[in-house]
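Content type mmCIF, C-alpha atoms, from the file run17.cif:
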```cif
data_structure
#
loop_
_atom_site.label_atom_id
_atom_site.label_comp_id
_atom_site.auth_asym_id
_atom_site.auth_seq_id
_atom_site.Cartn_x
_atom_site.Cartn_y
_atom_site.Cartn_z
CA MET A 1 59.81 318.35 67.54
CA LEU A 2 56.84 318.63 69.87
CA SER A 3 57.17 314.93 70.64
CA GLU A 4 60.30 312.95 71.31
CA PRO A 5 61.60 310.74 68.50
CA ARG A 6 61.13 307.00 68.90
CA SER A 7 64.88 306.59 68.48
CA GLY A 8 65.34 308.84 71.52
CA ARG A 9 63.11 306.64 73.67
CA LEU A 10 64.84 303.47 72.46
CA ALA A 11 68.33 304.86 73.09
CA ALA A 12 67.54 306.47 76.46
CA TRP A 13 65.74 303.51 78.01
CA GLY A 14 68.00 301.01 76.27
CA ASN A 15 70.99 302.76 77.84
CA ALA A 16 69.29 302.69 81.23
CA LEU A 17 68.71 298.95 80.83
CA LEU A 18 72.30 298.32 79.72
CA ALA A 19 73.50 300.25 82.78
CA GLY A 20 71.33 298.08 85.02
CA VAL A 21 69.21 300.92 86.44
CA VAL A 22 65.85 299.78 85.01
CA SER A 23 64.28 296.37 84.40
CA PRO A 24 63.78 294.94 80.88
CA ASP A 25 59.99 295.17 81.20
CA ASP A 26 60.08 298.80 82.37
CA ALA A 27 62.46 299.72 79.54
CA ALA A 28 60.27 298.05 76.91
CA LEU A 29 57.13 299.72 78.27
CA ALA A 30 58.74 303.17 78.17
CA ILE A 31 60.09 302.65 74.65
CA VAL A 32 56.71 301.61 73.26
CA GLY A 33 55.02 304.61 74.84
CA GLU A 34 51.64 305.26 73.24
CA ASP A 35 52.29 302.88 70.32
CA ALA A 36 50.61 299.49 70.24
CA VAL A 37 53.66 297.30 69.78
CA HIS A 38 57.32 297.42 68.75
CA ARG A 39 59.16 294.53 67.13
CA VAL A 40 62.79 294.12 66.03
CA GLU A 41 63.65 292.45 62.73
CA GLY A 42 67.01 291.32 61.37
CA LEU A 43 68.85 290.38 64.55
CA PRO A 44 71.60 287.81 63.94
CA GLY A 45 70.25 284.36 64.75
CA ASP A 46 66.61 285.46 64.78
CA PRO A 47 64.96 284.88 61.38
CA ALA A 48 61.62 286.29 62.58
CA PRO A 49 60.85 289.60 64.29
CA VAL A 50 61.15 289.52 68.09
CA GLY A 51 59.79 291.66 70.91
CA LEU A 52 61.70 294.55 72.45
CA THR A 53 62.63 292.79 75.68
CA LEU A 54 64.21 289.85 73.86
CA ALA A 55 65.83 292.16 71.29
CA LEU A 56 67.55 294.28 73.93
CA GLY A 57 68.91 291.12 75.51
CA ARG A 58 70.18 289.93 72.13
CA LEU A 59 71.92 293.26 71.51
CA ARG A 60 73.67 292.99 74.86
CA SER A 61 74.85 289.47 73.97
CA LEU A 62 76.25 290.83 70.70
CA GLY A 63 78.47 293.18 72.70
CA VAL A 64 76.36 296.34 72.62
CA THR A 65 77.21 298.56 75.60
CA GLY A 66 75.43 301.74 74.54
CA LEU A 67 72.95 303.21 72.09
CA ARG A 68 73.33 306.48 70.20
CA VAL A 69 70.66 308.53 68.39
CA ALA A 70 70.88 309.88 64.85
CA LEU A 71 68.43 312.53 63.60
CA PRO A 72 69.50 313.13 59.98
CA ALA A 73 67.92 315.56 57.53
CA PRO A 74 68.67 316.21 53.83
CA GLY A 75 72.21 317.55 53.62
CA HIS A 76 72.84 316.91 57.31
CA PRO A 77 73.73 313.29 58.27
CA LEU A 78 73.54 314.09 61.98
CA GLY A 79 74.70 311.18 64.12
CA LEU A 80 75.38 308.81 61.22
CA SER A 81 78.62 307.06 60.35
CA GLY A 82 77.67 304.98 57.29
CA PRO A 83 77.58 302.88 55.26
CA PRO A 84 75.45 304.58 52.57
CA GLU A 85 72.70 301.93 52.76
CA PHE A 86 72.14 302.54 56.46
CA ASN A 87 72.36 306.30 56.04
CA ALA A 88 69.73 306.22 53.30
CA ARG A 89 67.29 304.22 55.42
CA ALA A 90 67.89 306.50 58.40
CA LEU A 91 67.41 309.62 56.30
CA GLU A 92 64.12 308.27 54.97
CA ALA A 93 62.91 307.62 58.52
CA GLU A 94 64.52 310.86 59.77
CA GLU A 95 65.93 308.95 62.75
CA ALA A 96 67.91 305.89 63.76
CA VAL A 97 69.72 304.25 66.66
CA VAL A 98 73.40 303.34 66.28
CA CYS A 99 74.84 300.68 68.58
CA PHE A 100 78.09 301.22 70.45
CA GLY A 101 80.13 298.05 70.90
CA ALA A 102 78.74 296.21 67.86
CA ALA A 103 78.57 297.22 64.19
CA CYS A 104 74.80 297.47 63.84
CA GLY A 105 72.03 300.03 63.99
CA LEU A 106 68.23 300.15 64.08
CA VAL A 107 65.88 302.12 61.83
CA PRO A 108 62.16 302.33 62.64
CA GLU A 109 59.38 301.65 60.17
CA VAL A 110 56.00 302.89 61.39
CA TYR A 111 52.65 301.40 60.40
CA ALA A 112 49.06 302.38 61.12
CA ALA A 113 47.08 299.15 61.65
CA GLY A 114 43.52 298.24 62.52
CA PRO A 115 40.05 299.12 61.23
CA GLU A 116 39.03 302.66 60.34
CA GLY A 117 38.20 304.58 63.46
CA ASP A 118 40.33 302.28 65.64
CA LEU A 119 43.80 302.64 64.16
CA HIS A 120 46.86 301.95 66.26
CA ILE A 121 50.57 302.38 65.61
CA GLU A 122 52.95 299.46 65.19
CA VAL A 123 56.70 299.88 64.81
CA VAL A 124 59.25 297.51 63.29
CA TRP A 125 62.90 298.28 64.02
CA HIS A 126 65.14 297.01 61.20
CA VAL A 127 68.62 295.93 62.29
CA LEU A 128 71.26 296.83 59.70
CA PRO A 129 75.07 296.91 59.53
CA VAL A 130 76.79 300.20 60.37
CA ARG A 131 80.32 301.48 60.02
CA GLU A 132 82.20 301.78 63.30
CA ALA A 133 83.30 305.41 63.12
CA PRO A 134 82.62 308.66 65.01
CA PRO A 135 79.07 309.95 64.42
CA ALA A 136 78.70 313.00 62.21
CA ASP A 137 78.33 316.52 63.65
CA VAL A 138 77.36 315.65 67.24
CA PRO A 139 78.38 318.40 69.70
CA SER A 140 79.26 318.00 73.36
CA LEU A 141 76.59 318.87 75.92
CA GLY A 142 78.40 322.10 76.73
CA GLU A 143 78.57 323.13 73.08
CA ALA A 144 74.92 322.22 72.57
CA GLU A 145 73.81 324.26 75.56
CA ARG A 146 75.67 327.37 74.36
CA GLU A 147 74.32 327.01 70.83
CA LEU A 148 70.77 326.54 72.10
CA ALA A 149 70.78 329.73 74.15
CA GLU A 150 71.57 331.71 71.01
CA ALA A 151 69.11 329.70 68.90
CA LEU A 152 66.29 330.29 71.37
CA ARG A 153 66.89 334.02 71.25
CA ASP A 154 66.98 334.00 67.45
CA ALA A 155 63.81 331.91 67.19
CA THR A 156 61.90 334.14 69.62
CA GLU A 157 62.94 337.31 67.78
CA MET A 158 62.01 335.78 64.44
CA LEU A 159 58.55 334.69 65.60
CA SER A 160 57.91 338.16 66.93
CA LYS A 161 58.94 339.81 63.66
CA LEU A 162 56.75 337.40 61.68
CA ASP A 163 53.73 337.93 63.94
CA VAL A 164 53.66 334.17 64.60
CA ALA A 165 53.91 334.36 68.37
CA GLY A 166 50.62 336.23 68.57
CA SER A 167 48.87 334.53 65.70
CA GLY A 168 45.84 333.28 67.56
CA PRO A 169 44.38 330.01 68.80
CA VAL A 170 46.62 327.69 66.75
CA ALA A 171 49.73 329.17 68.31
CA GLU A 172 48.19 329.18 71.78
CA ALA A 173 47.16 325.52 71.44
CA ALA A 174 50.68 324.52 70.37
CA ILE A 175 52.22 326.32 73.32
CA ASP A 176 49.68 324.81 75.72
CA ALA A 177 50.43 321.31 74.36
CA TYR A 178 54.15 321.86 74.91
CA ARG A 179 53.59 323.10 78.47
CA ALA A 180 51.29 320.17 79.27
CA ARG A 181 53.85 317.68 78.00
CA ALA A 182 56.64 319.42 79.91
CA GLY A 183 54.64 319.15 83.10
CA ARG A 184 53.87 315.43 82.91
CA GLY A 185 56.11 313.73 85.43
CA ARG A 186 59.23 315.59 84.22
CA GLU A 187 60.81 312.30 83.11
CA VAL A 188 62.42 313.83 80.05
CA LEU A 189 65.15 311.18 79.92
CA ALA A 190 65.55 307.73 81.40
CA PRO A 191 67.22 307.14 84.79
CA GLY A 192 71.00 307.43 84.76
CA TYR A 193 71.26 310.55 82.61
CA PRO A 194 73.03 313.61 84.07
CA PRO A 195 70.92 316.68 84.96
CA ARG A 196 72.70 318.71 82.29
CA ALA A 197 71.48 316.31 79.60
CA VAL A 198 67.91 316.72 80.85
CA ARG A 199 68.29 320.50 80.77
CA VAL A 200 69.72 320.49 77.25
CA LEU A 201 67.00 318.18 75.94
CA GLU A 202 64.23 320.29 77.48
CA LEU A 203 65.67 323.43 75.90
CA ALA A 204 66.11 321.68 72.55
CA GLN A 205 62.46 320.60 72.63
CA ARG A 206 61.40 324.17 73.41
CA VAL A 207 63.39 325.55 70.49
CA GLY A 208 61.97 322.80 68.28
CA MET A 209 58.46 323.76 69.36
CA LEU A 210 59.05 327.36 68.34
CA VAL A 211 60.43 326.31 64.95
CA SER A 212 57.45 323.99 64.36
CA LEU A 213 55.13 326.83 65.29
CA ALA A 214 56.76 329.12 62.76
CA HIS A 215 56.61 326.48 60.01
CA ASP A 216 53.07 325.25 60.65
CA ASN A 217 51.24 328.45 61.47
CA GLY A 218 50.62 329.88 58.03
CA HIS A 219 52.79 332.62 56.59
CA GLY A 220 52.66 334.90 59.60
CA GLY A 221 54.01 338.31 58.65
CA ALA A 222 55.77 336.95 55.56
CA VAL A 223 53.53 338.02 52.71
CA SER A 224 55.81 337.77 49.68
CA SER A 225 57.62 334.75 48.26
CA ALA A 226 60.94 336.47 49.00
CA GLU A 227 59.94 337.00 52.63
CA MET A 228 58.77 333.39 52.97
CA ALA A 229 62.05 332.14 51.51
CA ALA A 230 63.98 334.38 53.87
CA ARG A 231 62.02 333.02 56.82
CA SER A 232 62.69 329.41 55.84
CA ALA A 233 66.38 330.18 55.41
CA ALA A 234 66.51 331.86 58.81
CA LEU A 235 64.71 329.00 60.56
CA ARG A 236 66.89 326.28 59.07
CA PRO A 237 69.99 326.80 61.26
CA VAL A 238 67.80 327.14 64.37
CA GLU A 239 66.11 323.80 63.65
CA ARG A 240 69.52 322.26 62.93
CA THR A 241 70.84 323.46 66.28
CA ALA A 242 67.85 321.97 68.11
CA ARG A 243 68.36 318.59 66.43
CA ARG A 244 72.09 318.63 67.25
CA ALA A 245 71.29 319.34 70.88
CA GLN A 246 68.73 316.53 71.07
CA VAL A 247 71.30 314.07 69.78
CA ALA A 248 73.94 315.37 72.21
CA ALA A 249 71.55 314.89 75.14
CA TYR A 250 70.48 311.37 74.18
CA ASN A 251 74.06 310.30 73.46
CA SER A 252 75.61 311.88 76.56
CA VAL A 253 75.82 308.74 78.70
CA VAL A 254 77.55 306.81 75.93
CA GLU A 255 79.99 309.67 75.30
CA GLU A 256 80.80 309.87 79.03
CA ARG A 257 81.39 306.13 79.17
CA GLU A 258 83.63 306.28 76.11
CA ARG A 259 85.70 309.18 77.54
CA GLY A 260 86.13 307.28 80.81
CA ARG A 261 87.84 304.35 79.13
#
```

Would you kindly transcribe this structure into structure tokens?
Amino acid sequence: MLSEPRSGRLAAWGNALLAGVVSPDDAALAIVGEDAVHRVEGLPGDPAPVGLTLALGRLRSLGVTGLRVALPAPGHPLGLSGPPEFNARALEAEEAVVCFGAACGLVPEVYAAGPEGDLHIEVVWHVLPVREAPPADVPSLGEAERELAEALRDATEMLSKLDVAGSGPVAEAAIDAYRARAGRGREVLAPGYPPRAVRVLELAQRVGMLVSLAHDNGHGGAVSSAEMAARSAALRPVERTARRAQVAAYNSVVEERERGR
């Protein structure tokens, strides 16, 4: 969770475009980020893949008024509503975007292209049918914020007990990378999102960073298989909480719009 999911960028900047607060070109540029190119495949009436700017316009013409994020994991279909075929593709990618206002969703497929030593990332978003139903297990922003405060405390205590927080240059580099990213422009979400959503997403990313640090930094103080299993079991609900909060933050503008109707 050190970097934002591509589905988060697509939903956030797509929502800003649909709300009329950013231009199509600015939205497309922000969604692509550091990737080389994004294309969208499977749009009704478009037999070939199209660029992001055209695809966002097509979605609007199909009746899409908002974009939601799904960040599913095995046993946790977070943000999904079916059908099984879409859920399976989203679970494989570990992310998806679900359209509000039209029964379709987008799942990214990521490719590394180019010669060795000069690889670049290309993304194809596959448009697939979805079931129009409430997304699974998405909390409100208020619920997410309360859960995150407890999760952050639990994660910090756990890292301390496992000697991960002081485990040397790998840990320090991960923390420095997080701080550097957090300090770049502070544009955590696209224009139009409420300050609370920005706060929740920042905290979710911090909790996710701590969980990633615990997972990726060796065994820490866990020296037996039983201790390692206990650590994984303890980290699982913390990671789940961070994912739930990310989804709540990205989806907040759509949820507000839906409540206002």

Select from segment 34-125 of chain A every residue with an atom at most 10 Å from any atom of segment 136-142 of chain A, then for each give the shortest pair of atoms and their distance in Å to one decimal, using all atoms listed in the file, rows by chain and rising number, as CSV.
```
residue,atom,partner,partner_atom,distance
A:Val69,CA,A:Val138,CA,9.8
A:Ala70,CA,A:Ala136,CA,8.8
A:Pro72,CA,A:Ala136,CA,9.5
A:His76,CA,A:Asp137,CA,8.4
A:Pro77,CA,A:Ala136,CA,6.3
A:Leu78,CA,A:Ala136,CA,5.3
A:Gly79,CA,A:Ala136,CA,4.8
A:Leu80,CA,A:Ala136,CA,5.4
A:Ser81,CA,A:Ala136,CA,6.2
A:Gly82,CA,A:Ala136,CA,9.5
```

**Request:** Give as a ChimeraX atom specification every residue, naming chains and numbers as the document does, that has an atom within 12 Å of (62.0, 308.8, 59.7), counting all atoms listed in the file.
**Result:** /A:5-7,70-74,87-97,106-111,123,125

**Prompt:** To one decimal place, how far is atom CA of Gly45 of chain A from atom CA of Val254 of chain A in Å?
**Reply:**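 Atom CA of Val254 of chain A lies at a distance of 26.1 Å from atom CA of Gly45 of chain A.
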
**Asked** With all atoms listed in the file as the basis for distance, which of A:Ala233, A:Ala133, A:Ala190, A:Glu255 is at the shortest distance from Asp26 of chain A?
**Response** A:Ala190

Centre and size of axis-aligned box enclosing segment 3-19 of chain A plus 6 Å each side, as lines of an AutoDock Vina configuration file:
```
center_x = 65.3
center_y = 306.6
center_z = 75.6
size_x = 28.3
size_y = 28.6
size_z = 26.3
```

**Request:** Using all atoms listed in the file, pick whichever of A:Asp35, A:Pro24, A:Leu29, A:Val247 has the shortest atom-to-atom distance to Arg58 of chain A.
**Result:**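 Under the stated criterion, the closest residue is A:Pro24.
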
**Fill in**
Of A:Val64, A:Cys99, A:Val238, A:Ile31, the one nearest to Ala12 of chain A when counting only C-alpha atoms is A:Ile31

**Request:** For atom CA of Arg244 of chain A and atom CA of Asn15 of chain A, determine how far apart the two atoms are, in Å to one decimal place.
**Result:**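 Taking atom CA of Arg244 of chain A as the start and atom CA of Asn15 of chain A as the end point, the length is 19.1 Å.
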
**Prompt:** Can you tell me how far atom CA of Glu4 of chain A sits from atom CA of Leu62 of chain A, in Å to one decimal?
**Reply:**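 Here the two named atoms are 27.3 Å from each other.
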
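For the residues A:Ala55, A:Leu128, A:Leu43, A:Leu148, ranking by smallest atom-to-atom distance to Asp25 of chain A using only C-alpha atoms places A:Ala55 first.
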
**Request:** List the residues selected by the PyMOL selection byres ((chain A and resi 32) around 10) in the file shown, writing them as a PyMOL selection string.
**Result:** chain A and resi 6+9-10+27-31+33-39+52+121-123

Deliver the residues from the most recent selection as a file, using C-alpha atoms, as a short mmCIF file (atom, residue, chain, number, x, y, z; two decimals), in the frame of the given file.
```cif
data_model
loop_
_atom_site.label_atom_id
_atom_site.label_comp_id
_atom_site.auth_asym_id
_atom_site.auth_seq_id
_atom_site.Cartn_x
_atom_site.Cartn_y
_atom_site.Cartn_z
CA ARG A 6 61.13 307.00 68.90
CA ARG A 9 63.11 306.64 73.67
CA LEU A 10 64.84 303.47 72.46
CA ALA A 27 62.46 299.72 79.54
CA ALA A 28 60.27 298.05 76.91
CA LEU A 29 57.13 299.72 78.27
CA ALA A 30 58.74 303.17 78.17
CA ILE A 31 60.09 302.65 74.65
CA GLY A 33 55.02 304.61 74.84
CA GLU A 34 51.64 305.26 73.24
CA ASP A 35 52.29 302.88 70.32
CA ALA A 36 50.61 299.49 70.24
CA VAL A 37 53.66 297.30 69.78
CA HIS A 38 57.32 297.42 68.75
CA ARG A 39 59.16 294.53 67.13
CA LEU A 52 61.70 294.55 72.45
CA ILE A 121 50.57 302.38 65.61
CA GLU A 122 52.95 299.46 65.19
CA VAL A 123 56.70 299.88 64.81
#
```

Could you write segment 187-212 of chain A as an mmCIF file, keeping the file's coordinate frame, with N, CA, C and O atoms rebuilt where they are missing?
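And here is the file that came out, out.cif:
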```
data_model
loop_
_atom_site.group_PDB
_atom_site.id
_atom_site.type_symbol
_atom_site.label_atom_id
_atom_site.label_comp_id
_atom_site.auth_asym_id
_atom_site.auth_seq_id
_atom_site.Cartn_x
_atom_site.Cartn_y
_atom_site.Cartn_z
ATOM 1 N N GLU A 187 59.849 313.352 83.453
ATOM 2 C CA GLU A 187 60.810 312.300 83.110
ATOM 3 C C GLU A 187 61.191 312.482 81.649
ATOM 4 O O GLU A 187 60.753 311.749 80.769
ATOM 5 N N VAL A 188 62.036 313.486 81.415
ATOM 6 C CA VAL A 188 62.420 313.830 80.050
ATOM 7 C C VAL A 188 63.355 312.772 79.473
ATOM 8 O O VAL A 188 63.296 312.453 78.293
ATOM 9 N N LEU A 189 64.236 312.241 80.320
ATOM 10 C CA LEU A 189 65.150 311.180 79.920
ATOM 11 C C LEU A 189 65.001 310.009 80.892
ATOM 12 O O LEU A 189 64.365 310.135 81.941
ATOM 13 N N ALA A 190 65.607 308.908 80.541
ATOM 14 C CA ALA A 190 65.550 307.730 81.400
ATOM 15 C C ALA A 190 66.481 307.908 82.601
ATOM 16 O O ALA A 190 67.367 308.761 82.596
ATOM 17 N N PRO A 191 66.302 307.099 83.652
ATOM 18 C CA PRO A 191 67.220 307.140 84.790
ATOM 19 C C PRO A 191 68.666 306.912 84.360
ATOM 20 O O PRO A 191 68.942 306.165 83.420
ATOM 21 N N GLY A 192 69.581 307.588 85.054
ATOM 22 C CA GLY A 192 71.000 307.430 84.760
ATOM 23 C C GLY A 192 71.594 308.556 83.946
ATOM 24 O O GLY A 192 72.825 308.654 83.820
ATOM 25 N N TYR A 193 70.746 309.432 83.384
ATOM 26 C CA TYR A 193 71.260 310.550 82.610
ATOM 27 C C TYR A 193 71.602 311.716 83.539
ATOM 28 O O TYR A 193 70.901 311.961 84.525
ATOM 29 N N PRO A 194 72.662 312.471 83.217
ATOM 30 C CA PRO A 194 73.030 313.610 84.070
ATOM 31 C C PRO A 194 72.026 314.747 83.948
ATOM 32 O O PRO A 194 71.381 314.908 82.913
ATOM 33 N N PRO A 195 71.870 315.561 85.005
ATOM 34 C CA PRO A 195 70.920 316.680 84.960
ATOM 35 C C PRO A 195 71.165 317.627 83.793
ATOM 36 O O PRO A 195 70.216 318.184 83.240
ATOM 37 N N ARG A 196 72.416 317.804 83.408
ATOM 38 C CA ARG A 196 72.700 318.710 82.290
ATOM 39 C C ARG A 196 72.078 318.194 80.994
ATOM 40 O O ARG A 196 71.597 318.968 80.179
ATOM 41 N N ALA A 197 72.085 316.881 80.799
ATOM 42 C CA ALA A 197 71.480 316.310 79.600
ATOM 43 C C ALA A 197 69.975 316.567 79.588
ATOM 44 O O ALA A 197 69.390 316.872 78.542
ATOM 45 N N VAL A 198 69.343 316.431 80.745
ATOM 46 C CA VAL A 198 67.910 316.720 80.850
ATOM 47 C C VAL A 198 67.645 318.177 80.497
ATOM 48 O O VAL A 198 66.717 318.491 79.742
ATOM 49 N N ARG A 199 68.458 319.073 81.036
ATOM 50 C CA ARG A 199 68.290 320.500 80.770
ATOM 51 C C ARG A 199 68.459 320.823 79.285
ATOM 52 O O ARG A 199 67.672 321.580 78.707
ATOM 53 N N VAL A 200 69.471 320.237 78.672
ATOM 54 C CA VAL A 200 69.720 320.490 77.250
ATOM 55 C C VAL A 200 68.578 319.952 76.397
ATOM 56 O O VAL A 200 68.116 320.613 75.463
ATOM 57 N N LEU A 201 68.080 318.755 76.730
ATOM 58 C CA LEU A 201 67.000 318.180 75.940
ATOM 59 C C LEU A 201 65.718 319.015 76.079
ATOM 60 O O LEU A 201 65.010 319.252 75.094
ATOM 61 N N GLU A 202 65.412 319.448 77.284
ATOM 62 C CA GLU A 202 64.230 320.290 77.480
ATOM 63 C C GLU A 202 64.323 321.571 76.658
ATOM 64 O O GLU A 202 63.351 321.998 76.031
ATOM 65 N N LEU A 203 65.498 322.198 76.658
ATOM 66 C CA LEU A 203 65.670 323.430 75.900
ATOM 67 C C LEU A 203 65.597 323.167 74.406
ATOM 68 O O LEU A 203 65.003 323.946 73.648
ATOM 69 N N ALA A 204 66.175 322.046 73.965
ATOM 70 C CA ALA A 204 66.110 321.680 72.550
ATOM 71 C C ALA A 204 64.670 321.470 72.109
ATOM 72 O O ALA A 204 64.261 321.886 71.016
ATOM 73 N N GLN A 205 63.871 320.829 72.962
ATOM 74 C CA GLN A 205 62.460 320.600 72.630
ATOM 75 C C GLN A 205 61.699 321.931 72.567
ATOM 76 O O GLN A 205 60.802 322.109 71.744
ATOM 77 N N ARG A 206 62.058 322.862 73.438
ATOM 78 C CA ARG A 206 61.400 324.170 73.410
ATOM 79 C C ARG A 206 61.731 324.917 72.128
ATOM 80 O O ARG A 206 60.856 325.502 71.486
ATOM 81 N N VAL A 207 62.998 324.906 71.742
ATOM 82 C CA VAL A 207 63.390 325.550 70.490
ATOM 83 C C VAL A 207 62.702 324.867 69.313
ATOM 84 O O VAL A 207 62.204 325.529 68.400
ATOM 85 N N GLY A 208 62.645 323.529 69.344
ATOM 86 C CA GLY A 208 61.970 322.800 68.280
ATOM 87 C C GLY A 208 60.499 323.155 68.187
ATOM 88 O O GLY A 208 59.926 323.246 67.102
ATOM 89 N N MET A 209 59.862 323.357 69.345
ATOM 90 C CA MET A 209 58.460 323.760 69.360
ATOM 91 C C MET A 209 58.265 325.108 68.680
ATOM 92 O O MET A 209 57.342 325.296 67.887
ATOM 93 N N LEU A 210 59.168 326.044 68.958
ATOM 94 C CA LEU A 210 59.050 327.360 68.340
ATOM 95 C C LEU A 210 59.258 327.292 66.826
ATOM 96 O O LEU A 210 58.560 327.959 66.064
ATOM 97 N N VAL A 211 60.202 326.469 66.387
ATOM 98 C CA VAL A 211 60.430 326.310 64.950
ATOM 99 C C VAL A 211 59.212 325.677 64.286
ATOM 100 O O VAL A 211 58.771 326.105 63.216
ATOM 101 N N SER A 212 58.648 324.628 64.912
ATOM 102 C CA SER A 212 57.450 323.990 64.360
ATOM 103 C C SER A 212 56.306 324.977 64.272
ATOM 104 O O SER A 212 55.542 324.992 63.301
#
```
